[in-house]
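Here the structure comes first, spelled out in structure tokens, and everything after it is commentary.
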Amino acid sequence: MKSFLMKSLLVVGIVIALFTLSITVLNDRTSQWLRHNTEQALNGYLHRMALRADQDTLTTLDRFVVHGFTLCGAAVGCPMYPEAAKALIYCIYGNGKPVEVSASYFKKSPFIKQEIERLGTGHFKEIGMHQADDWRTSLAFNPYNLHITRDSVELYYPATHFKSSPRIVTKSSFW
């Protein structure tokens, strides 16, 4: 019995690995078909979940998906994109008070340095960026606001307003 269970788990693991490889890397016809249909199914589910959220009728599975994606996304992204992980956690579990992220990366960001040089002194609101310009910044702030003075630079996210609900804790903006 133990041997059968081990073999079954191995087969399931191989199938999951091959499916994941197929929808993420391979470019053959079957993989393209799987990728397209998987994307359609996920997008459809997320769209229906958004409609249920608007009506305050999220299912237990929907809540599990939201919390699971949030926690997994933050855990996976934290080593490379700690600011984005903090923003993601804040959007679901925030207490409504502004939160600050470390400026250590943004001080070194070639994209932000280029924007500061290009824009000069002033207050610039809701500037959008392409993720390819700076992945780490775009995942934490997109769009973003810049306030540039002679002595300082402030980079922050515009106010985000969340739907009022006893189930949604976050009520204000991410700074």
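In the structure tokens, chains take letters A, B, ... by order of appearance, with residues numbered from 1 within each chain and ligands from 1 in the order shown.
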
*Return as a list in words the full set of residues in stretch 72-156 of chain A whose backbone-based DSSP assignment is strand (DSSP E or B).*
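DSSP-assigned strand (DSSP E or B) residues in stretch 72-156 of chain A: Gly122, His123, Phe124, Lys125, Glu126, Ile127, Tyr144, Asn145, Leu146, His147, Ile148, Val153, Glu154, Leu155 and Tyr156 of chain A.
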
Could the residues in this selection be saved with C-alpha atoms as a PDB file, in the first residue's frame?
ATOM      1  CA  GLY A 122       8.142  70.242  -8.845  1.00  0.00           C
ATOM      2  CA  HIS A 123       5.206  68.111  -7.828  1.00  0.00           C
ATOM      3  CA  PHE A 124       4.271  65.507 -10.435  1.00  0.00           C
ATOM      4  CA  LYS A 125       1.082  63.490  -9.989  1.00  0.00           C
ATOM      5  CA  GLU A 126       0.144  60.020 -11.152  1.00  0.00           C
ATOM      6  CA  ILE A 127       2.989  59.212 -13.498  1.00  0.00           C
ATOM      7  CA  TYR A 144       3.294  56.979  -8.679  1.00  0.00           C
ATOM      8  CA  ASN A 145       3.661  60.590  -7.569  1.00  0.00           C
ATOM      9  CA  LEU A 146       6.960  62.441  -7.304  1.00  0.00           C
ATOM     10  CA  HIS A 147       7.584  65.549  -5.244  1.00  0.00           C
ATOM     11  CA  ILE A 148      11.028  66.908  -6.018  1.00  0.00           C
ATOM     12  CA  VAL A 153      12.576  63.612  -3.315  1.00  0.00           C
ATOM     13  CA  GLU A 154       9.322  62.035  -2.193  1.00  0.00           C
ATOM     14  CA  LEU A 155       8.005  59.029  -4.122  1.00  0.00           C
ATOM     15  CA  TYR A 156       4.544  57.857  -3.179  1.00  0.00           C
TER      16      TYR A 156
END

*Return as JSON, numbers by chain the full set of residues in chain A whose backbone-based DSSP assignment is alpha helix (DSSP H).*
{"A": [2, 3, 4, 5, 6, 7, 8, 9, 10, 11, 12, 13, 14, 15, 16, 17, 18, 19, 20, 21, 22, 23, 24, 29, 30, 31, 32, 33, 34, 35, 36, 37, 38, 39, 40, 41, 42, 43, 44, 45, 46, 47, 48, 49, 50, 51, 52, 53, 54, 60, 61, 62, 63, 64, 65, 66, 67, 68, 69, 70, 71, 72, 73, 74, 75, 76, 77, 82, 83, 84, 85, 86, 87, 88, 89, 90, 91, 92, 93, 104, 105, 106, 107, 108, 110, 111, 112, 113, 114, 115, 116, 117, 118, 119, 135, 136, 137, 138, 139, 140]}

*All residues 9 Å or closer to A:Leu71, only C-alpha atoms, same chain fewer than 5 positions away omitted, as a VMD selection string*: chain A and resid 66 76 85 88 to 89

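Considering the residues A:Leu61, A:Leu26, A:Met129, A:Cys91 and counting only C-alpha atoms, A:Ile112 has its shortest atom-to-atom contact with A:Met129.
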
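Considering the residues A:Tyr105, A:Thr38, A:Thr70, A:Asp134 and counting only C-alpha atoms, A:Thr24 has its shortest atom-to-atom contact with A:Thr38.
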
Contacts of A:Leu139 at 8 Å (only C-alpha atoms; same-chain gap of 3+ positions) as a CSV table (one decimal) with N, CA and C atoms, in the first residue's frame:
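In the end it all went to out_14.csv:
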chain,number,residue,atom,x,y,z
A,81,TYR,N,11.4,41.6,-4.4
A,81,TYR,CA,10.5,42.8,-4.5
A,81,TYR,C,9.9,43.1,-3.1
A,83,GLU,N,9.2,45.7,-1.4
A,83,GLU,CA,8.3,46.8,-1.3
A,83,GLU,C,6.9,46.4,-1.9
A,84,ALA,N,7.0,45.6,-3.0
A,84,ALA,CA,5.7,45.1,-3.6
A,84,ALA,C,5.0,44.1,-2.7
A,131,GLN,N,6.4,48.2,-16.8
A,131,GLN,CA,7.2,47.4,-15.9
A,131,GLN,C,8.6,47.1,-16.3
A,135,TRP,N,11.1,47.0,-12.9
A,135,TRP,CA,10.2,46.0,-12.3
A,135,TRP,C,9.9,46.3,-10.8
A,136,ARG,N,11.0,46.5,-10.1
A,136,ARG,CA,10.8,46.6,-8.6
A,136,ARG,C,10.0,47.8,-8.3
A,142,ASN,N,2.7,52.0,-9.1
A,142,ASN,CA,2.4,52.3,-10.5
A,142,ASN,C,0.9,52.5,-10.6

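Distances here use only C-alpha atoms; by that measure, the residue among A:Lys97, A:Lys107, A:His130, A:Arg118 closest to A:Ser152 is A:Lys107.
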
*Can you list, as JSON, numbers by chain, every protein, DNA or RNA residue that comes within 10 Å of stretch 41-52 of chain A when you count only C-alpha atoms, leaving out same-chain residues fewer than 3 positions away?*
{"A": [35, 36, 37, 38, 55, 56, 57, 58, 59, 61, 62, 63, 65, 66]}
